[in-house]
Amino acid sequence: MPNLLSRGLFNLFFRARRKPLASLPGPTPGLLGNLGDFLGVQPWETCARYARAYGPVTVAWLGPSPALVLNGPAIIREVLETRRLEFEKGNIGEQIRHSATDDTPFIAQQGEDWKRKHGMDPLAQPWTAAWQAAQVEPMRAAIAESVEAVRHQPSLDLTPMLRQLTFDAFCVATVGEKLPTSAYDDFMLLAAAADARIQAKLPLRFVSVPKGFAAAKERFYGLFADRIRAARQAPAAHRVDLMSWTLREMPELDDQVHANLLGSFFFGGVFSSSTTLVGAFHQLQKHPAAEERLALESALLAEEPLNHERLGGAPWGEAVAYEALRILPAVRVLMRRSPSTETRLAGVMLPPETTLMISNQHLHRDATHWTSPETFDPERWLNGGAANDPLGSDYFFPFGRGPRACVAGDFAMVFLRTALATISARVRVHVDSTEPFEEGFFFGVVLPKGVTGKLVPRERQTLYPPLGARPTPAVETA
């Protein structure tokens, strides 16, 4: 807590600013406001602590400017759903636009700009579900190939390994083939440039891009443009990748816009999906019964070609994915800002462009809602659990909530379930330490650090017992 002199100076200079927000609880500000609460800790930890100390709405001072930290379902629903057109996405557009291009609806302004860009997004079309279903077997093959390429390595840093595996699977789903390693390198350079802007402490005009940024951007989006032009010249009705499906269903879509949307798709899902896989395998190491149950289910799936229908008949993999998204969501703080004029929220009048920090860290582990919230327990999602807490609901919104929730959330679930099944059928992901891992931050997503391990091949005789002698998967909780 700031000392008496610091608190007094803040009140002396900013008493008039504090008065309209006096009815809201929050920590006592010092001369620099409450910035000290956010130094040396991740913002989602501070947001969760505020929920425990102050309730669903907290006013915090970022220097002389107020910010509201929202931890309550009702007010989060109000901001992200019922009054969503009033609250923009903060600075994220300016922070990532140079890397992800302006065509992605993710950074569109509320209202007509978002409506137009959302309308031309291949991931928001009536046929998107059919495309997603068709990606299961192609992604399974790509993931299996990626696993085989690294499974003999004696030690792996799981975060970069699973990130590149995810990137390769996304390539297959997007253009029907893995792209060269150089494309992954260009993607990571563009992501690093955006991350530098997201985490910048200086005005963005003072943040320079990495060396080679312009050339990397031209090469990365140029790969997609080249493939789109080639596909237009040689249409193939049998191809099921997103590019080919879009060309058939949306032939009028401009090729460069199409290329930009395909490239931006990677920024929206590679980091979050791979982070979720790291968290899942880290937790499974702590709960061997849950891990063995996943292995047995995955082995059954591996006996025949995998498709969407068979994947849907494997509930434990879905439960593991949901529980990983609950206990270790990859995106834990959503930023919004109030309108450019005063507006009423939480019973007070907010100054123009007030920062809103929306956290799921607390609600995903709220003991008033979840049984044993700190325990990794996939069982909670079976027998109606997933229906009780669907994606985007009050206490479970790993992909955000409302119309501006991640448009690829359903695809992410298809990928996560495919990846968990494919990897677990072939290897056991041995994690060296089950102690909580250090959580960094990259491109707006939690970055697991220091999660090392190795891939231990499965013994076929334990996973493929004779028909009639196959053991029933364990039913005890994780």
# chains A, B, ... in the order shown; residues from 1 in each chain; ligands from 1
$ residues_around --residues "Ala133 of chain A" --least-positions-apart "2" --cutoff "8 Å" --atoms "only C-alpha atoms" --output "list in words"
Ala129, Ala130, Trp131, Gln135, Val136, Asn307, His308 and Val414 of chain A
$ select_by_dssp --residues "segment 32-280 of chain A" --states "strand (DSSP E)" --output "short mmCIF file (atom, residue, chain, number, x, y, z; two decimals) with all heavy atoms, in the first residue's frame"
data_model
loop_
_atom_site.label_atom_id
_atom_site.label_comp_id
_atom_site.auth_asym_id
_atom_site.auth_seq_id
_atom_site.Cartn_x
_atom_site.Cartn_y
_atom_site.Cartn_z
N VAL A 57 -16.47 -5.49 -9.40
CA VAL A 57 -15.98 -4.28 -10.08
C VAL A 57 -14.98 -3.58 -9.16
O VAL A 57 -15.28 -3.32 -7.99
CB VAL A 57 -17.12 -3.30 -10.43
CG1 VAL A 57 -16.57 -2.08 -11.17
CG2 VAL A 57 -18.19 -3.98 -11.27
N THR A 58 -13.81 -3.30 -9.70
CA THR A 58 -12.77 -2.61 -8.94
C THR A 58 -12.31 -1.41 -9.73
O THR A 58 -12.09 -1.50 -10.94
CB THR A 58 -11.56 -3.54 -8.72
OG1 THR A 58 -11.98 -4.73 -8.08
CG2 THR A 58 -10.50 -2.85 -7.88
N VAL A 59 -12.14 -0.28 -9.07
CA VAL A 59 -11.53 0.87 -9.73
C VAL A 59 -10.06 0.90 -9.32
O VAL A 59 -9.72 0.85 -8.13
CB VAL A 59 -12.24 2.19 -9.38
CG1 VAL A 59 -12.20 2.49 -7.89
CG2 VAL A 59 -11.61 3.34 -10.16
N ALA A 60 -9.19 0.93 -10.31
CA ALA A 60 -7.75 1.03 -10.09
C ALA A 60 -7.27 2.24 -10.87
O ALA A 60 -7.84 2.60 -11.91
CB ALA A 60 -7.04 -0.23 -10.57
N TRP A 61 -6.19 2.84 -10.40
CA TRP A 61 -5.68 4.06 -11.03
C TRP A 61 -4.35 3.75 -11.70
O TRP A 61 -3.39 3.33 -11.04
CB TRP A 61 -5.54 5.17 -10.00
CG TRP A 61 -6.90 5.65 -9.55
CD1 TRP A 61 -7.67 5.11 -8.57
CD2 TRP A 61 -7.65 6.71 -10.13
NE1 TRP A 61 -8.87 5.77 -8.48
CE2 TRP A 61 -8.88 6.78 -9.43
CE3 TRP A 61 -7.42 7.63 -11.15
CZ2 TRP A 61 -9.87 7.71 -9.72
CZ3 TRP A 61 -8.40 8.58 -11.44
CH2 TRP A 61 -9.60 8.60 -10.74
N LEU A 62 -4.31 3.94 -13.01
CA LEU A 62 -3.09 3.77 -13.78
C LEU A 62 -2.47 5.15 -13.94
O LEU A 62 -2.74 5.87 -14.91
CB LEU A 62 -3.40 3.13 -15.13
CG LEU A 62 -4.22 1.81 -15.06
CD1 LEU A 62 -4.45 1.27 -16.46
CD2 LEU A 62 -3.54 0.79 -14.18
N SER A 65 -5.12 8.16 -14.42
CA SER A 65 -6.29 7.71 -15.18
C SER A 65 -6.94 6.50 -14.52
O SER A 65 -6.25 5.55 -14.14
CB SER A 65 -5.89 7.35 -16.61
OG SER A 65 -5.30 8.45 -17.27
N PRO A 66 -8.27 6.50 -14.39
CA PRO A 66 -8.93 5.35 -13.78
C PRO A 66 -9.09 4.20 -14.78
O PRO A 66 -9.15 4.39 -15.99
CB PRO A 66 -10.30 5.91 -13.39
CG PRO A 66 -10.56 6.96 -14.44
CD PRO A 66 -9.22 7.56 -14.75
N ALA A 67 -9.14 3.00 -14.23
CA ALA A 67 -9.45 1.80 -15.01
C ALA A 67 -10.40 0.95 -14.18
O ALA A 67 -10.28 0.92 -12.94
CB ALA A 67 -8.18 1.02 -15.35
N LEU A 68 -11.32 0.29 -14.83
CA LEU A 68 -12.21 -0.64 -14.13
C LEU A 68 -11.76 -2.06 -14.42
O LEU A 68 -11.56 -2.43 -15.59
CB LEU A 68 -13.66 -0.46 -14.57
CG LEU A 68 -14.36 0.86 -14.25
CD1 LEU A 68 -15.87 0.71 -14.43
CD2 LEU A 68 -14.04 1.35 -12.85
N VAL A 69 -11.60 -2.84 -13.38
CA VAL A 69 -11.30 -4.26 -13.50
C VAL A 69 -12.60 -5.02 -13.25
O VAL A 69 -13.19 -4.91 -12.17
CB VAL A 69 -10.21 -4.68 -12.50
CG1 VAL A 69 -9.92 -6.18 -12.64
CG2 VAL A 69 -8.94 -3.87 -12.72
N LEU A 70 -13.04 -5.76 -14.26
CA LEU A 70 -14.34 -6.42 -14.20
C LEU A 70 -14.16 -7.91 -13.98
O LEU A 70 -13.54 -8.61 -14.79
CB LEU A 70 -15.11 -6.17 -15.51
CG LEU A 70 -15.22 -4.70 -15.96
CD1 LEU A 70 -16.07 -4.60 -17.23
CD2 LEU A 70 -15.78 -3.83 -14.85
N LEU A 156 12.94 -31.98 -24.78
CA LEU A 156 12.21 -31.01 -25.59
C LEU A 156 11.72 -29.88 -24.71
O LEU A 156 11.28 -30.10 -23.57
CB LEU A 156 11.00 -31.67 -26.26
CG LEU A 156 11.24 -32.73 -27.33
CD1 LEU A 156 9.96 -33.51 -27.57
CD2 LEU A 156 11.72 -32.08 -28.62
N ASP A 157 11.77 -28.66 -25.24
CA ASP A 157 11.04 -27.55 -24.66
C ASP A 157 9.66 -27.61 -25.31
O ASP A 157 9.51 -27.37 -26.51
CB ASP A 157 11.74 -26.23 -24.97
CG ASP A 157 11.08 -25.04 -24.28
OD1 ASP A 157 9.88 -25.12 -23.97
OD2 ASP A 157 11.76 -24.03 -24.06
#
$ closest_atom_pairs --of "segment 100-214 of chain A" --to "segment 236-244 of chain A" --cutoff "10 Å" --atoms "only C-alpha atoms" --output "tab-separated table"
residue	atom	partner	partner_atom	distance
A:Pro122	CA	A:Leu242	CA	7.6
A:Leu123	CA	A:Leu242	CA	8.7
A:Thr128	CA	A:Leu242	CA	8.7
A:Ala130	CA	A:Val240	CA	9.4
A:Trp131	CA	A:Val240	CA	6.7
A:Gln132	CA	A:Leu242	CA	8.7
A:Ala133	CA	A:Val240	CA	9.8
A:Ala134	CA	A:Val240	CA	6.5
A:Gln135	CA	A:Asp241	CA	7.4
A:Pro138	CA	A:Asp241	CA	9.0
A:Phe170	CA	A:Asp241	CA	9.8
A:Cys171	CA	A:Asp241	CA	9.0
A:Val172	CA	A:Asp241	CA	6.9
A:Ala173	CA	A:Asp241	CA	5.1
A:Thr174	CA	A:Leu242	CA	4.7
A:Val175	CA	A:Asp241	CA	5.3
A:Gly176	CA	A:Asp241	CA	5.0
A:Glu177	CA	A:Asp241	CA	8.7
$ closest_atom_pairs --of "segment 89-199 of chain A" --to "segment 265-268 of chain A" --cutoff "8 Å" --atoms "only C-alpha atoms" --output "tab-separated table"
residue	atom	partner	partner_atom	distance
A:Ala100	CA	A:Phe267	CA	7.0
A:Phe167	CA	A:Phe266	CA	7.1
A:Phe170	CA	A:Phe266	CA	7.1
A:Ala191	CA	A:Phe267	CA	7.3
$ write_last_selection --atoms "N, CA, C and O atoms" --output "compact mmCIF listing (two decimals), in the first residue's frame"
# COMPACT_ATOMS: atom_id res chain seq x y z
N ALA A 100 -0.73 -8.28 -38.65
CA ALA A 100 -1.88 -9.12 -39.01
C ALA A 100 -2.73 -8.54 -40.13
O ALA A 100 -3.67 -9.20 -40.57
N PHE A 167 1.30 -24.81 -35.78
CA PHE A 167 1.43 -24.04 -37.02
C PHE A 167 1.32 -24.96 -38.24
O PHE A 167 0.60 -24.65 -39.20
N PHE A 170 -2.23 -26.08 -38.77
CA PHE A 170 -3.02 -24.97 -39.30
C PHE A 170 -2.73 -24.76 -40.80
O PHE A 170 -3.62 -24.40 -41.56
N ALA A 191 5.08 -11.90 -35.52
CA ALA A 191 4.46 -11.97 -34.19
C ALA A 191 5.30 -11.24 -33.16
O ALA A 191 4.77 -10.55 -32.28
$ atom_distance --atom1 "atom CA of Leu189 of chain A" --atom2 "atom CA of Phe213 of chain A"
6.9 Å
$ atom_distance --atom1 "atom CA of Val278 of chain A" --atom2 "atom CA of Phe411 of chain A"
18.1 Å
$ select_by_dssp --residues "segment 167-290 of chain A" --states "helix (DSSP H, G or I)" --output "PyMOL selection string"
chain A and resi 167-175+181-198+204-206+213-233+242-249+255-286+288-290
$ decode --residues "segment 374-395 of chain A" --atoms "N, CA and C atoms" --output "CSV table (one decimal), in the first residue's frame"
chain,number,residue,atom,x,y,z
A,374,GLU,N,-9.5,-25.5,-8.0
A,374,GLU,CA,-8.1,-25.5,-8.3
A,374,GLU,C,-7.6,-26.9,-8.8
A,375,THR,N,-8.5,-27.9,-8.9
A,375,THR,CA,-8.1,-29.2,-9.3
A,375,THR,C,-8.4,-29.5,-10.7
A,376,PHE,N,-7.4,-30.0,-11.4
A,376,PHE,CA,-7.6,-30.4,-12.8
A,376,PHE,C,-8.5,-31.7,-12.8
A,377,ASP,N,-9.8,-31.6,-13.2
A,377,ASP,CA,-10.7,-32.7,-13.1
A,377,ASP,C,-11.6,-32.7,-14.4
A,378,PRO,N,-11.2,-33.4,-15.5
A,378,PRO,CA,-12.0,-33.4,-16.7
A,378,PRO,C,-13.3,-34.0,-16.5
A,379,GLU,N,-13.5,-34.8,-15.4
A,379,GLU,CA,-14.8,-35.5,-15.1
A,379,GLU,C,-15.9,-34.5,-15.0
A,380,ARG,N,-15.6,-33.3,-14.6
A,380,ARG,CA,-16.6,-32.3,-14.4
A,380,ARG,C,-17.4,-31.9,-15.7
A,381,TRP,N,-16.8,-32.2,-16.8
A,381,TRP,CA,-17.4,-31.9,-18.1
A,381,TRP,C,-18.3,-33.0,-18.7
A,382,LEU,N,-18.3,-34.1,-18.1
A,382,LEU,CA,-19.1,-35.2,-18.5
A,382,LEU,C,-20.5,-35.2,-17.9
A,383,ASN,N,-21.4,-35.9,-18.5
A,383,ASN,CA,-22.8,-36.1,-17.9
A,383,ASN,C,-23.5,-34.7,-17.8
A,384,GLY,N,-23.4,-33.9,-18.8
A,384,GLY,CA,-24.1,-32.6,-18.8
A,384,GLY,C,-23.3,-31.4,-18.4
A,385,GLY,N,-22.0,-31.7,-17.9
A,385,GLY,CA,-21.2,-30.6,-17.5
A,385,GLY,C,-20.9,-29.5,-18.6
A,386,ALA,N,-20.6,-30.0,-19.8
A,386,ALA,CA,-20.3,-29.1,-20.9
A,386,ALA,C,-21.6,-28.3,-21.2
A,387,ALA,N,-22.7,-28.9,-21.1
A,387,ALA,CA,-24.0,-28.2,-21.4
A,387,ALA,C,-24.3,-27.1,-20.4
A,388,ASN,N,-23.9,-27.4,-19.1
A,388,ASN,CA,-24.2,-26.4,-18.0
A,388,ASN,C,-23.3,-25.2,-18.1
A,389,ASP,N,-22.1,-25.4,-18.7
A,389,ASP,CA,-21.1,-24.3,-18.8
A,389,ASP,C,-20.6,-24.2,-20.2
A,390,PRO,N,-21.4,-23.9,-21.2
A,390,PRO,CA,-20.9,-23.9,-22.6
A,390,PRO,C,-19.9,-22.8,-22.8
A,391,LEU,N,-19.1,-22.9,-23.9
A,391,LEU,CA,-18.1,-21.9,-24.2
A,391,LEU,C,-18.8,-20.6,-24.3
A,392,GLY,N,-18.2,-19.6,-23.7
A,392,GLY,CA,-18.7,-18.2,-23.8
A,392,GLY,C,-19.8,-17.9,-22.8
A,393,SER,N,-19.9,-18.7,-21.8
A,393,SER,CA,-20.9,-18.5,-20.7
A,393,SER,C,-20.3,-17.7,-19.6
A,394,ASP,N,-21.1,-17.5,-18.5
A,394,ASP,CA,-20.7,-16.6,-17.4
A,394,ASP,C,-19.4,-17.0,-16.8
A,395,TYR,N,-19.2,-18.3,-16.6
A,395,TYR,CA,-18.0,-18.7,-15.8
A,395,TYR,C,-17.0,-19.5,-16.7
